[in-house]
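Read through the structure below, which is laid out as structure tokens, and then see the notes.
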Amino acid sequence: MNLEDLKNKLPKTTNITKALYEGSNIVFYTKSKDFFLNGSKDIKELVAEYKKRITIRPDAAITIKAEDAKAKIEEIIPKEAEVGDIIFEPEFGRVLIFAKKPGLVIGKNGDTLREIKSKTFWGPEIRRIPTYSSDIVNKAREIVHEEAAYRKQFLNRIGEKIQLSKGSKEGWVRISALGSFREVGRSCILLQTKDSKVLLDCGVAVGSGNGGTNPFIDAPEFDLDALDAVVVSHAHLDHSGFVPYLYEYGYTGPLYTTKPTRDLMAMLTLDYIDVLQRESGKAPYTSKGIKNAIKHSITPEFGEVCDLTPDMRLTFQNAGHILGSALSHIHIGEGLHNLLYTGDLKFGPTKLLEPAYTRFSRVETLLMESTYGGPQDFIPAKKEADANLIAAITETIKRKGKAIIPAFSVGRAQEVMVVLAEYARRNPDFNFPIYLDGMIWDATAIHTTYPEFLSRNLQRQIFHYNNNPFTSDLFNEVKSQTERKKIIDEKDPSIIITTSGMITGGPIMEYLKHLSSNKKNMLIFIGYQAQGTLGSRIQKGWRDIPLANKTGGTTMIKMEVEIRTVEGFSGHSDRNQLISYVGNLQSKPDHIILNHGEASKSINLASTLHKIYKKETTVPQNLDALRLK
Ligand SMILES: [Zn+2]
């Protein structure tokens, strides 16, 4: 589509100085104050005709001086909004307003925003200041802002490329299994048509893996220089951990993901290379790769349709697994094929998130995870799980012990926090310190930055009843080794939630070293323990465990602590939930492909799904290629 032609469809009075692509959107820059303020009704028809988002931005000639605009904005916005930084991006004609209460910056029916526009002629955009300050969120935002000039040119480059040609009803669609097939870890799928090459996830294997930790990007069909886009479903390292490698080694295309995933991924990958550096002196990439990934990120909202390539359109929807986790629906060609890639999904209730979305109007191929797809994989109802966790903790506290809960920093830790905060609200006697160690605090800060991604019930609690569970006084951040030592030495009972979730390293090691010889304490497992991890061994009954000591050797520790597993906290669907997800999809797929599961589990689930739904099911191996159309 020629943008000049598009521009000419509008009256001359719109005074459009520039029309250009920004990713899959179109942007008009205008010198007409009236068109900037009231133009959205004039472009309605164009939007409907071309099915593109069109944004109207002010030409630099009409924006008032930044310092004057800043003063005006401060005057207009009510104090209660608690405005922080006000940052101008002249490249985009916009001003970023950071506030603790974004709703008050928008005003009733958007009145306050409109007033800002009409008095400054800058386009205001609001960013939430998290309840807890997080270096990671600040850093990610800083990179995106600092690189505004580059991003403008980058988004334009991507936009021009996407427009090149229209998709067609002819053609073929193919996927290559580059990781996570018949295994849990290193998710990586190459999706190809004759015009496009898109990577769905690019993760590393955590835990022992199945020989090798990186995805098979040495497969002959993978060419970094020919890659059009990378789509990341969620921030867990087995889905995002290898993405920075691509950017470190020359990829400059877009990274499509949600905003929470972008920030969580930055946090987890930084920690990942840090740990590798400390343990082995080498990591597959540096922080440069991570920074570059953020710089090239495009973050659509759930439900927003955006063009990935000339013949692929992407829509993210909630996957229910962790904050920001997304199902990727990819429409290929003009009605040629529709692929739904689930990433990790939870089709069941949790306190933190809504269950995975099902109302896709067309899906021909479903590519679904199967972590808990085995015949034995049934998890108890969430209510029961919550009660069991509370029971385990209160038992420990009654005997004056400490409850130690190893948890992933992202997801399970926050789910436990919400359960405990809610319980404490109803039972004021439950008033014991809860210590959060490892990256849990940072991850929680990111949760408070994006409350609109949380479950409806949590949002209601936060926005209407002012009950933000994450800011409960019960929670204490452990900031240093000295503080850790104090907690260990304390006589009083307490609850410690700490990383790593599978006891493969991190502060949990310190707690085990000092607290596992005491029978009064309890070690409570709430998450998946991968084969070969220390967590899995302890769960299976190992009681003499070797822990690294300061001199580089190992010290044997006798586990006297009570060990309990509370089932039902998983962010994954269990077997029934996976089966019922397929049944609940509004559009039934013709073909179901399973990944992200141990071979026997994926195969067993595939055969059950085939029996129930009479559809073709496939469980490829890594390096298989499969034609979808
Ligand atoms: Zn995950």
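Residue numbers start at 1 in each chain; chains themselves are named A, B, ... in the order of the structure tokens; ligands are numbered from 1 in the order shown.
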> Leaving out A:Leu155 and any residue of its chain fewer than 5 positions from it, which residues lie within 10 Å of it when counting only C-alpha atoms, given as a PyMOL selection string?
Replying inline: chain A and resi 20-25+150+160-161+253-254+296-298
Can you build me a table of chain A residues sitting at most 10 Å from ligand 1, with the closest atom pair per residue and its distance in Å to one decimal, using only C-alpha atoms and all ligand atoms, sorted by chain and residue number, as CSV?
```
residue,atom,partner,partner_atom_place_in_ligand_line,distance
A:Val184,CA,ligand 1,1 (Zn),9.8
A:Gly185,CA,ligand 1,1 (Zn),9.1
A:Ser187,CA,ligand 1,1 (Zn),9.9
A:Ser233,CA,ligand 1,1 (Zn),8.8
A:His234,CA,ligand 1,1 (Zn),6.7
A:Ala235,CA,ligand 1,1 (Zn),7.2
A:His236,CA,ligand 1,1 (Zn),4.9
A:Leu237,CA,ligand 1,1 (Zn),7.8
A:Asp238,CA,ligand 1,1 (Zn),7.0
A:His239,CA,ligand 1,1 (Zn),7.0
A:Ser240,CA,ligand 1,1 (Zn),9.6
A:His321,CA,ligand 1,1 (Zn),6.7
A:Ile322,CA,ligand 1,1 (Zn),7.1
A:Ser325,CA,ligand 1,1 (Zn),8.2
A:Gly343,CA,ligand 1,1 (Zn),7.5
A:Asp344,CA,ligand 1,1 (Zn),5.2
A:Leu345,CA,ligand 1,1 (Zn),8.0
A:Lys346,CA,ligand 1,1 (Zn),9.9
A:Glu369,CA,ligand 1,1 (Zn),9.9
A:Thr371,CA,ligand 1,1 (Zn),9.8
A:Val410,CA,ligand 1,1 (Zn),9.3
A:Gly411,CA,ligand 1,1 (Zn),8.9
A:Gly571,CA,ligand 1,1 (Zn),7.6
A:His572,CA,ligand 1,1 (Zn),7.7
A:His596,CA,ligand 1,1 (Zn),9.7
```
>> Show me, as a ChimeraX atom specification, the residues that have an atom within 10 Å of A:Gly505 when counting only C-alpha atoms, minus same-chain residues fewer than 4 positions from it.
In response: /A:275,499-501,509-510,533-534,547-548
>> Between A:Ile126, A:Glu147, A:Met267, A:Gly348, which residue has the minimum interatomic distance to A:Ile379, considering only C-alpha atoms?
In response: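 Ranked by minimum distance to A:Ile379, first place goes to A:Gly348.
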>> So that I can see what lies close to A:Leu367, please list as number ranges by chain the residues with an atom at most 12 Å from it, counting only C-alpha atoms and leaving out residues fewer than 3 positions away in the same chain.
In response: A: 175, 177, 180-181, 187-189, 191, 200, 327-330, 338-345, 363-364, 370, 578, 582, 589-596, 602, 606, 617-620, 626, 628
